[in-house]
$ cat input12.cif   # mmCIF, C-alpha atoms
data_final
#
loop_
_atom_site.label_atom_id
_atom_site.label_comp_id
_atom_site.auth_asym_id
_atom_site.auth_seq_id
_atom_site.Cartn_x
_atom_site.Cartn_y
_atom_site.Cartn_z
CA MET A 9 61.30 122.12 -54.19
CA ILE A 10 58.03 123.86 -53.35
CA ARG A 11 56.49 122.83 -50.05
CA ILE A 12 52.73 122.37 -50.38
CA VAL A 13 50.70 122.80 -47.20
CA PHE A 14 47.02 122.00 -47.38
CA ALA A 15 44.29 123.23 -45.07
CA GLN A 16 43.83 121.31 -41.88
CA THR A 17 40.23 121.33 -40.71
CA GLN A 18 38.38 120.19 -37.63
CA GLU A 19 34.82 118.90 -37.67
CA THR A 20 33.86 119.77 -34.11
CA VAL A 21 33.83 122.93 -32.03
CA PRO A 22 36.72 122.75 -29.53
CA VAL A 23 36.32 122.95 -25.78
CA MET A 24 37.21 126.40 -24.51
CA ASN A 25 40.63 126.76 -22.91
CA GLN A 26 40.21 125.10 -19.51
CA GLU A 27 42.42 127.58 -17.67
CA TRP A 28 40.29 130.46 -18.97
CA THR A 29 37.06 128.57 -18.24
CA ASP A 30 38.10 127.98 -14.63
CA PHE A 31 39.11 131.62 -14.25
CA LEU A 32 35.74 132.90 -15.50
CA ALA A 33 33.75 130.43 -13.40
CA SER A 34 34.50 132.46 -10.27
CA ARG A 35 33.36 135.69 -11.94
CA PRO A 36 29.62 135.47 -12.60
CA ALA A 37 28.27 137.77 -15.30
CA THR A 38 25.16 139.94 -15.27
CA ASN A 39 23.32 142.20 -17.71
CA PRO A 40 24.33 145.72 -16.65
CA CYS A 41 22.02 148.69 -16.90
CA GLY A 42 22.06 152.40 -16.10
CA ASP A 43 25.35 153.74 -14.75
CA GLU A 44 26.85 150.23 -14.74
CA MET A 45 27.03 150.36 -18.54
CA ASN A 46 29.81 152.98 -18.27
CA CYS A 47 32.35 150.30 -17.35
CA VAL A 48 31.75 146.76 -18.57
CA LEU A 49 33.91 143.63 -19.01
CA SER A 50 32.78 141.04 -21.56
CA ASP A 51 34.21 137.58 -22.11
CA LEU A 52 34.29 136.95 -25.88
CA SER A 53 34.78 133.19 -25.85
CA HIS A 54 31.58 132.79 -27.89
CA TYR A 55 33.66 133.95 -30.85
CA GLY A 56 36.03 131.56 -32.58
CA LEU A 57 39.36 132.23 -34.29
CA ILE A 58 40.71 130.79 -37.52
CA ARG A 59 44.48 131.09 -37.98
CA VAL A 60 45.71 131.40 -41.57
CA THR A 61 49.43 130.79 -42.10
CA GLY A 62 51.83 130.07 -44.93
CA ALA A 63 53.70 131.85 -47.70
CA ASP A 64 50.51 132.28 -49.73
CA ALA A 65 48.22 133.32 -46.85
CA GLU A 66 47.75 136.92 -47.99
CA THR A 67 47.16 135.99 -51.64
CA PHE A 68 44.74 133.24 -50.63
CA LEU A 69 42.65 135.50 -48.38
CA GLN A 70 42.75 138.29 -50.96
CA GLY A 71 41.00 135.94 -53.37
CA GLN A 72 38.30 135.03 -50.85
CA LEU A 73 37.32 138.01 -48.71
CA THR A 74 35.40 141.18 -49.62
CA ASN A 75 37.93 143.54 -48.06
CA ASP A 76 41.55 144.30 -48.96
CA VAL A 77 43.68 141.88 -46.94
CA ARG A 78 46.82 143.83 -47.89
CA LEU A 79 45.65 146.55 -45.47
CA VAL A 80 45.50 144.14 -42.52
CA SER A 81 48.64 144.44 -40.42
CA GLU A 82 49.94 144.32 -36.86
CA ALA A 83 48.62 147.90 -36.57
CA HIS A 84 45.30 147.68 -38.45
CA SER A 85 42.36 145.28 -38.48
CA ASN A 86 39.29 145.31 -40.68
CA LEU A 87 35.95 143.65 -41.23
CA ALA A 88 35.35 141.40 -44.22
CA GLY A 89 32.71 139.12 -45.65
CA TRP A 90 33.16 135.73 -47.28
CA CYS A 91 30.70 135.10 -50.09
CA ASN A 92 29.52 132.22 -52.23
CA ALA A 93 29.63 132.48 -56.01
CA LYS A 94 26.27 134.31 -55.97
CA GLY A 95 27.67 137.04 -53.73
CA ARG A 96 25.76 135.92 -50.63
CA MET A 97 27.70 135.99 -47.38
CA ILE A 98 28.57 132.63 -45.87
CA ALA A 99 30.21 134.36 -42.89
CA ASN A 100 31.81 137.64 -41.90
CA PHE A 101 34.97 138.23 -39.90
CA ARG A 102 37.07 140.68 -37.98
CA CYS A 103 40.51 140.21 -39.52
CA PHE A 104 43.76 140.98 -37.72
CA LYS A 105 47.40 139.96 -37.84
CA ARG A 106 49.56 138.72 -34.98
CA ASP A 107 53.11 137.36 -35.07
CA GLY A 108 52.94 137.25 -38.86
CA ASP A 109 49.79 135.09 -38.99
CA TYR A 110 46.32 136.17 -40.07
CA TYR A 111 43.33 135.61 -37.79
CA LEU A 112 39.65 135.58 -38.72
CA GLN A 113 37.24 136.09 -35.81
CA THR A 114 33.65 134.95 -36.23
CA PRO A 115 30.94 133.34 -34.04
CA GLY A 116 32.14 129.97 -32.81
CA GLU A 117 29.25 128.18 -34.47
CA HIS A 118 30.78 129.02 -37.86
CA ILE A 119 34.21 127.53 -37.27
CA PRO A 120 33.63 123.92 -38.42
CA VAL A 121 31.66 124.98 -41.51
CA VAL A 122 34.05 127.76 -42.52
CA LEU A 123 37.18 125.65 -42.01
CA LYS A 124 35.76 122.87 -44.16
CA ARG A 125 34.43 125.10 -46.96
CA LEU A 126 37.33 127.55 -46.98
CA GLY A 127 39.74 124.64 -47.08
CA MET A 128 38.22 123.52 -50.39
CA TYR A 129 39.68 126.65 -52.03
CA VAL A 130 43.25 126.10 -50.83
CA LEU A 131 44.09 123.71 -53.69
CA ARG A 132 47.89 123.89 -54.18
CA ALA A 133 48.50 127.13 -52.28
CA GLN A 134 51.02 127.17 -49.43
CA VAL A 135 48.36 127.86 -46.84
CA SER A 136 47.33 126.21 -43.59
CA LEU A 137 43.99 126.86 -41.86
CA SER A 138 43.50 125.89 -38.24
CA ASP A 139 41.17 126.53 -35.33
CA ALA A 140 42.95 128.88 -32.90
CA SER A 141 39.94 129.47 -30.64
CA ASP A 142 41.58 127.56 -27.81
CA ASP A 143 44.98 129.25 -28.16
CA LEU A 144 44.16 132.95 -27.76
CA MET A 145 41.54 134.22 -25.33
CA ARG A 146 39.53 137.39 -25.93
CA PHE A 147 37.63 139.84 -23.78
CA GLY A 148 36.04 143.23 -24.37
CA LEU A 149 36.08 146.44 -22.36
CA THR A 150 33.36 149.03 -22.89
CA GLY A 151 32.68 152.44 -21.39
CA SER A 152 34.21 155.68 -20.19
CA CYS A 153 36.60 153.77 -17.91
CA ALA A 154 38.13 151.71 -20.71
CA GLU A 155 41.03 153.94 -21.66
CA SER A 156 42.21 154.57 -18.09
CA ILE A 157 42.08 150.85 -17.27
CA LEU A 158 43.96 149.86 -20.42
CA ALA A 159 46.65 152.46 -19.74
CA SER A 160 47.92 150.15 -16.98
CA GLY A 161 48.70 147.42 -19.51
CA PHE A 162 49.55 149.37 -22.67
CA ASP A 163 51.99 152.24 -23.21
CA ASN A 164 49.65 153.72 -25.81
CA LEU A 165 46.19 153.00 -27.18
CA PRO A 166 45.02 152.81 -30.79
CA GLU A 167 43.58 156.19 -31.75
CA ALA A 168 41.49 155.18 -34.77
CA VAL A 169 38.69 152.62 -35.02
CA ASN A 170 40.15 149.27 -36.19
CA GLY A 171 43.60 150.34 -34.97
CA ILE A 172 45.83 147.83 -33.14
CA VAL A 173 48.62 148.12 -30.59
CA ARG A 174 50.64 145.31 -29.00
CA SER A 175 52.02 145.04 -25.48
CA GLY A 176 53.90 141.86 -24.64
CA ASP A 177 51.56 138.95 -25.37
CA MET A 178 48.47 141.15 -25.62
CA THR A 179 46.91 142.57 -28.77
CA LEU A 180 44.49 145.51 -28.38
CA ILE A 181 41.95 146.57 -31.03
CA ARG A 182 39.79 149.70 -30.89
CA LEU A 183 36.28 148.88 -32.12
CA PRO A 184 33.43 151.04 -33.42
CA GLY A 185 30.68 151.99 -31.02
CA THR A 186 28.70 154.75 -29.40
CA THR A 187 31.15 154.66 -26.49
CA SER A 188 34.80 153.62 -26.11
CA ARG A 189 35.09 149.92 -26.91
CA PHE A 190 38.14 147.65 -27.11
CA GLU A 191 38.96 143.98 -27.60
CA ILE A 192 41.98 142.42 -25.90
CA ILE A 193 43.48 139.21 -27.32
CA GLY A 194 46.20 137.00 -25.87
CA PRO A 195 47.07 133.86 -23.90
CA ALA A 196 44.97 133.12 -20.82
CA GLN A 197 47.61 134.01 -18.21
CA ALA A 198 48.30 137.46 -19.67
CA LEU A 199 44.61 138.29 -19.95
CA GLN A 200 43.89 137.18 -16.39
CA ILE A 201 46.24 139.87 -15.06
CA LEU A 202 44.54 142.67 -16.99
CA TRP A 203 41.06 141.30 -16.24
CA ARG A 204 41.76 141.37 -12.50
CA GLN A 205 42.83 145.01 -12.77
CA ALA A 206 39.74 145.88 -14.80
CA GLU A 207 37.21 144.13 -12.58
CA THR A 208 38.02 146.46 -9.67
CA GLN A 209 36.10 149.11 -11.65
CA ALA A 210 34.05 147.21 -14.21
CA VAL A 211 30.90 145.09 -14.15
CA VAL A 212 31.20 141.63 -15.75
CA ALA A 213 28.53 141.21 -18.43
CA THR A 214 26.99 138.31 -20.32
CA PRO A 215 27.62 137.96 -24.08
CA ASP A 216 24.25 139.65 -24.71
CA PHE A 217 25.72 142.98 -23.63
CA TRP A 218 28.53 142.80 -26.19
CA ALA A 219 26.07 141.78 -28.91
CA LEU A 220 23.92 144.79 -28.01
CA GLN A 221 26.92 147.10 -28.47
CA GLU A 222 27.58 145.55 -31.89
CA ILE A 223 23.95 146.13 -32.82
CA ARG A 224 24.03 149.76 -31.71
CA ALA A 225 27.28 150.27 -33.63
CA GLY A 226 25.55 148.97 -36.75
CA VAL A 227 28.02 146.10 -37.14
CA PRO A 228 26.32 143.02 -38.64
CA THR A 229 26.95 139.41 -37.75
CA VAL A 230 26.12 136.48 -40.01
CA PHE A 231 24.61 133.60 -38.03
CA GLU A 232 23.68 130.10 -39.16
CA GLU A 233 20.08 131.24 -39.73
CA THR A 234 21.17 134.02 -42.11
CA ARG A 235 24.03 132.21 -43.83
CA GLU A 236 23.95 132.90 -47.60
CA ALA A 237 20.90 135.15 -47.21
CA PHE A 238 22.40 138.58 -47.96
CA VAL A 239 24.88 140.25 -50.27
CA PRO A 240 27.33 142.44 -48.29
CA GLN A 241 25.65 145.75 -49.20
CA MET A 242 22.35 144.54 -47.74
CA MET A 243 24.14 144.25 -44.37
CA ASN A 244 25.85 147.65 -44.75
CA MET A 245 29.26 146.00 -44.94
CA GLN A 246 30.46 148.72 -47.31
CA LEU A 247 29.52 151.34 -44.67
CA VAL A 248 31.56 149.73 -41.85
CA ASP A 249 34.77 149.35 -43.87
CA GLY A 250 34.01 145.73 -44.72
CA VAL A 251 34.15 145.86 -48.54
CA SER A 252 36.78 147.11 -50.99
CA PHE A 253 35.62 147.90 -54.52
CA THR A 254 39.17 148.35 -55.81
CA LYS A 255 40.98 145.24 -54.52
CA GLY A 256 40.30 142.97 -57.49
CA CYS A 257 38.70 139.56 -57.83
CA TYR A 258 37.38 137.33 -55.06
CA THR A 259 34.64 134.74 -54.82
CA GLY A 260 31.30 136.49 -55.50
CA GLN A 261 33.02 139.74 -56.50
CA GLU A 262 31.15 140.14 -59.80
CA VAL A 263 27.77 140.11 -58.05
CA VAL A 264 28.92 142.51 -55.32
CA ALA A 265 30.44 144.92 -57.86
CA ARG A 266 27.36 144.78 -60.10
CA MET A 267 25.17 145.69 -57.15
CA GLN A 268 27.42 148.64 -56.36
CA TYR A 269 27.81 150.09 -59.84
CA LEU A 270 24.88 148.88 -61.94
CA GLY A 271 22.10 147.88 -59.58
CA THR A 272 19.71 149.60 -57.22
CA LEU A 273 19.98 148.53 -53.59
CA LYS A 274 16.39 147.73 -52.62
CA ARG A 275 17.22 146.30 -49.19
CA ARG A 276 19.62 147.55 -46.56
CA MET A 277 20.24 147.06 -42.86
CA TYR A 278 18.46 149.26 -40.33
CA LEU A 279 18.71 149.72 -36.57
CA ALA A 280 15.35 149.43 -34.85
CA HIS A 281 13.62 148.90 -31.51
CA VAL A 282 10.56 146.75 -30.96
CA ASN A 283 8.41 146.49 -27.85
CA THR A 284 7.79 142.80 -27.34
CA GLY A 285 8.23 140.20 -24.64
CA THR A 286 9.39 137.58 -27.13
CA ALA A 287 12.98 137.73 -28.31
CA PRO A 288 13.37 138.16 -32.08
CA LYS A 289 15.82 135.69 -33.59
CA PRO A 290 18.23 135.96 -36.52
CA GLY A 291 16.37 135.07 -39.69
CA ASP A 292 12.91 135.93 -38.33
CA GLU A 293 10.70 137.25 -41.11
CA LEU A 294 9.34 140.81 -41.23
CA SER A 295 6.18 142.04 -42.94
CA SER A 296 4.90 145.36 -44.27
CA SER A 297 1.81 146.59 -46.07
CA GLU A 298 4.23 148.36 -48.45
CA SER A 299 6.08 145.18 -49.45
CA THR A 300 5.43 144.24 -53.08
CA SER A 301 8.41 142.01 -53.87
CA GLY A 302 6.79 138.73 -52.85
CA GLN A 303 9.92 137.94 -50.82
CA GLY A 304 8.77 139.52 -47.58
CA ALA A 305 9.72 142.89 -46.10
CA GLY A 306 12.98 141.65 -44.60
CA LYS A 307 14.70 139.53 -41.97
CA VAL A 308 16.15 140.07 -38.51
CA VAL A 309 19.97 140.08 -38.41
CA ASP A 310 20.35 140.06 -34.62
CA ALA A 311 18.43 141.32 -31.60
CA ARG A 312 19.12 141.82 -27.89
CA ALA A 313 17.04 142.96 -24.92
CA SER A 314 16.94 146.72 -24.33
CA GLY A 315 14.53 148.59 -22.08
CA ASN A 316 11.00 147.24 -22.46
CA GLY A 317 11.79 145.40 -25.65
CA TYR A 318 14.64 144.64 -28.02
CA ASP A 319 17.14 146.59 -30.09
CA LEU A 320 17.80 144.89 -33.39
CA LEU A 321 19.47 145.06 -36.75
CA ALA A 322 17.33 143.97 -39.68
CA VAL A 323 17.69 143.87 -43.45
CA ILE A 324 14.53 145.61 -44.70
CA GLU A 325 13.14 146.69 -48.04
CA VAL A 326 13.97 150.38 -48.35
CA ALA A 327 10.42 151.28 -49.37
CA SER A 328 8.95 149.41 -46.40
CA ALA A 329 11.38 151.01 -43.95
CA GLN A 330 10.62 154.47 -45.30
CA SER A 331 6.89 153.86 -44.91
CA GLY A 332 7.33 153.25 -41.20
CA ASP A 333 5.18 150.14 -41.35
CA VAL A 334 7.41 147.14 -40.65
CA ARG A 335 6.34 144.39 -38.27
CA LEU A 336 7.71 141.21 -36.76
CA GLY A 337 6.09 138.23 -38.41
CA ASP A 338 2.84 138.59 -40.30
CA ASP A 339 1.07 140.83 -37.82
CA GLY A 340 3.43 141.32 -34.88
CA PRO A 341 4.60 144.46 -33.08
CA GLN A 342 5.81 147.37 -35.19
CA LEU A 343 9.50 148.17 -35.52
CA GLN A 344 10.58 151.66 -34.53
CA ILE A 345 13.39 152.61 -36.91
CA GLN A 346 16.35 154.24 -35.12
CA THR A 347 19.33 156.27 -36.34
CA LEU A 348 22.49 154.33 -37.14
CA PRO A 349 25.88 155.81 -36.13
CA TYR A 350 26.74 156.13 -39.83
CA ALA A 351 24.79 157.58 -42.75
CA PHE A 352 23.41 155.90 -45.84
CA PRO A 353 24.84 157.29 -49.07
CA GLU A 354 22.55 159.63 -51.00
#
$ encode --input "input12.cif" --output "C-alpha cells"
Amino acid sequence: MIRIVFAQTQETVPVMNQEWTDFLASRPATNPCGDEMNCVLSDLSHYGLIRVTGADAETFLQGQLTNDVRLVSEAHSNLAGWCNAKGRMIANFRCFKRDGDYYLQTPGEHIPVVLKRLGMYVLRAQVSLSDASDDLMRFGLTGSCAESILASGFDNLPEAVNGIVRSGDMTLIRLPGTTSRFEIIGPAQALQILWRQAETQAVVATPDFWALQEIRAGVPTVFEETREAFVPQMMNMQLVDGVSFTKGCYTGQEVVARMQYLGTLKRRMYLAHVNTGTAPKPGDELSSSESTSGQGAGKVVDARASGNGYDLLAVIEVASAQSGDVRLGDDGPQLQIQTLPYAFPE
C-alpha cells in the first residue's frame, strides 16, 4: 500500500522560538560602521524555514524550483526561484539539506503564502510541507574574524561558496559576499554557545546590516511588493547559481528557457547607490529619460542605508542603466550605478 502524505500548511506566521527570543533580548543590536564591520553577528530570525519531507520530496521540488535540487546535499546548498506559470518569481529560497530533509529559507513574510500555494502542487505525491522557522535558529557571522571564531565550533570550514559542513547539531553554510560570510543553523541551545563565543569579538547588528551584505553581494530577495514582478534572469538569478537550464521541466520553465535562448534580456538587476534621506522600498518605481517601453525604467528590489544615502539592488532597463540617467520616482535623486561582484555575460 502506498502511503499518501499531503502538505500541511499554516495560515499564520509563528512566534519565534521563545528561548531564542529571550536570549537575544539581553543582546541589543546596532548598525555597525567603520572597523566594527570587520566582525559582525547577525540574528537571522527574520527569515523563515520551510521543511520538505517524504519519499517524493526531491522529485516534487525538482518540478517546482528553478535550480537543480539533485545538487542540494548535506555538503552543498544553492539558491533557487519559484515561479508562476508565466515565469515570474513568487519567491526565492536558499535551499539546503539537513538530516535527510530539505529546507527552503525565505523572508518570514512569505511563509504562509508559499506553504499554501506550494501545497496546491503536492497532489498525490508523498510529500509533507511544514513551517520549521521555530525549530531551527539561524545567525550570520561576517568579517575577517569569522573563520577564526568558527574554528572553535567546527573542525573544518566550507571552502567554496554555498558549501556546507556539519558539527554536532550545527549546520554551517559559506555565503557569497565581498568579505567572509557564514550562516549557522541549529537548535537554540547549540547556537547560544557559539554566539557567546563570537560576541567576545563581534558587534551584534540589526537585520539591516545582513540585508546590506546581501545587496552588496548582488543576491536578490523577492519581497511581497515584488512578488510575481520579475522573471529570474531580471534578478540575475542565473548569475548567482540560482537557475539551471539543463535540469528539465518546472513551473514557468518554458518562459525562463525562452528568455535565455530566444529572447533579448532588456532588464537586469544592478547595484547602485543613491543619496537621499528617504529610504527606497522594494517595488518603488524608477524613471529615466531613456525609457521608451511605457512600463517605467525599473523597480527597486531592496535598499539599505549606507553612508549618506542607500545602497540598493534594482531591476532596470538595460538602455536606461547604460545611459546613466535613472532616478527614484518621477523626478527623484539619480542612481549611481556601482560594480557588482560578478560580471554580466557579453
$ closest_atom_pairs --input "input12.cif" --of "segment 18-131 of chain A" --to "segment 189-206 of chain A" --cutoff "8 Å" --atoms "only C-alpha atoms" --output "tab-separated table"
residue	atom	partner	partner_atom	distance
A:Asn25	CA	A:Ala196	CA	8.0
A:Glu27	CA	A:Ala196	CA	6.9
A:Trp28	CA	A:Ala196	CA	5.7
A:Phe31	CA	A:Gln200	CA	7.6
A:Leu49	CA	A:Ala206	CA	7.5
$ closest_residue --input "input12.cif" --among "A:Phe162, A:Phe253, A:Phe238, A:Tyr129" --to "Ala265 of chain A" --atoms "only C-alpha atoms"
A:Phe253
$ residues_around --input "input12.cif" --residues "Ile181 of chain A" --least-positions-apart "6" --cutoff "12 Å" --atoms "only C-alpha atoms" --output "PyMOL selection string"
chain A and resi 81-86+102-106+146-149+155+158+162+164-175+188-194
$ closest_residue --input "input12.cif" --among "A:Gln72, A:Gln26, A:Ser328, A:Thr214" --to "Ala313 of chain A" --atoms "all atoms listed in the file"
A:Thr214
$ residues_around --input "input12.cif" --residues "Ala93 of chain A" --least-positions-apart "6" --cutoff "9 Å" --atoms "all atoms listed in the file" --output "PyMOL selection string"
chain A and resi 259-263
$ write_last_selection --input "input12.cif" --atoms "C-alpha atoms" --output "PDB file, in the frame of the given file"
ATOM      1  CA  THR A 259      34.640 134.740 -54.820  1.00  0.00           C
ATOM      2  CA  GLY A 260      31.300 136.490 -55.500  1.00  0.00           C
ATOM      3  CA  GLN A 261      33.020 139.740 -56.500  1.00  0.00           C
ATOM      4  CA  GLU A 262      31.150 140.140 -59.800  1.00  0.00           C
ATOM      5  CA  VAL A 263      27.770 140.110 -58.050  1.00  0.00           C
TER       6      VAL A 263
END
$ resolve_selection --input "input12.cif" --expression "the PyMOL selection byres ((chain A and resi 283) around 6)" --output "ChimeraX atom specification"
/A:282,284,317
$ atom_distance --input "input12.cif" --atom1 "atom CA of Asn100 of chain A" --atom2 "atom CA of Thr114 of chain A"
6.5 Å
$ resolve_selection --input "input12.cif" --expression "the PyMOL selection byres ((chain A and resi 113) around 7)" --output "VMD selection string"
chain A and resid 55 to 58 101 to 103 111 to 112 114
$ write_last_selection --input "input12.cif" --atoms "C-alpha atoms" --output "CSV table (one decimal), keeping the file's coordinate frame"
chain,number,residue,atom,x,y,z
A,55,TYR,CA,33.7,134.0,-30.8
A,56,GLY,CA,36.0,131.6,-32.6
A,57,LEU,CA,39.4,132.2,-34.3
A,58,ILE,CA,40.7,130.8,-37.5
A,101,PHE,CA,35.0,138.2,-39.9
A,102,ARG,CA,37.1,140.7,-38.0
A,103,CYS,CA,40.5,140.2,-39.5
A,111,TYR,CA,43.3,135.6,-37.8
A,112,LEU,CA,39.6,135.6,-38.7
A,114,THR,CA,33.6,135.0,-36.2
$ atom_distance --input "input12.cif" --atom1 "atom CA of Gly185 of chain A" --atom2 "atom CA of Gln221 of chain A"
6.7 Å
$ atom_distance --input "input12.cif" --atom1 "atom CA of Ala311 of chain A" --atom2 "atom CA of Ala219 of chain A"
8.1 Å
$ closest_residue --input "input12.cif" --among "A:Thr179, A:Gln342, A:Thr61, A:Thr300" --to "Gln134 of chain A" --atoms "only C-alpha atoms"
A:Thr61
$ resolve_selection --input "input12.cif" --expression "the PyMOL selection byres ((chain A and resi 312) around 10)" --output "list in words"
Asp216, Phe217, Trp218, Ala219, Leu220, Gln221, Ile223, His281, Ala287, Pro288, Lys289, Asp310, Ala311, Ala313, Ser314, Gly317, Tyr318, Asp319, Leu320 and Leu321 of chain A
$ closest_residue --input "input12.cif" --among "A:Lys307, A:Val323, A:Ala133, A:Glu354" --to "Gly337 of chain A" --atoms "all atoms listed in the file"
A:Lys307
$ closest_residue --input "input12.cif" --among "A:Gly302, A:Arg59, A:Arg182, A:Ala65" --to "Leu123 of chain A" --atoms "all atoms listed in the file"
A:Arg59
$ closest_residue --input "input12.cif" --among "A:Pro341, A:Glu207, A:Asp177, A:Thr254" --to "Asp107 of chain A" --atoms "only C-alpha atoms"
A:Asp177
$ residues_near_point --input "input12.cif" --point "(10.8, 150.3, -37.7)" --cutoff "10 Å" --atoms "only C-alpha atoms" --output "ChimeraX atom specification"
/A:278-282,320,322,324,328-336,341-346
$ residues_around --input "input12.cif" --residues "Ala327 of chain A" --least-positions-apart "5" --cutoff "8 Å" --atoms "only C-alpha atoms" --output "number ranges by chain"
A: 274, 298-299
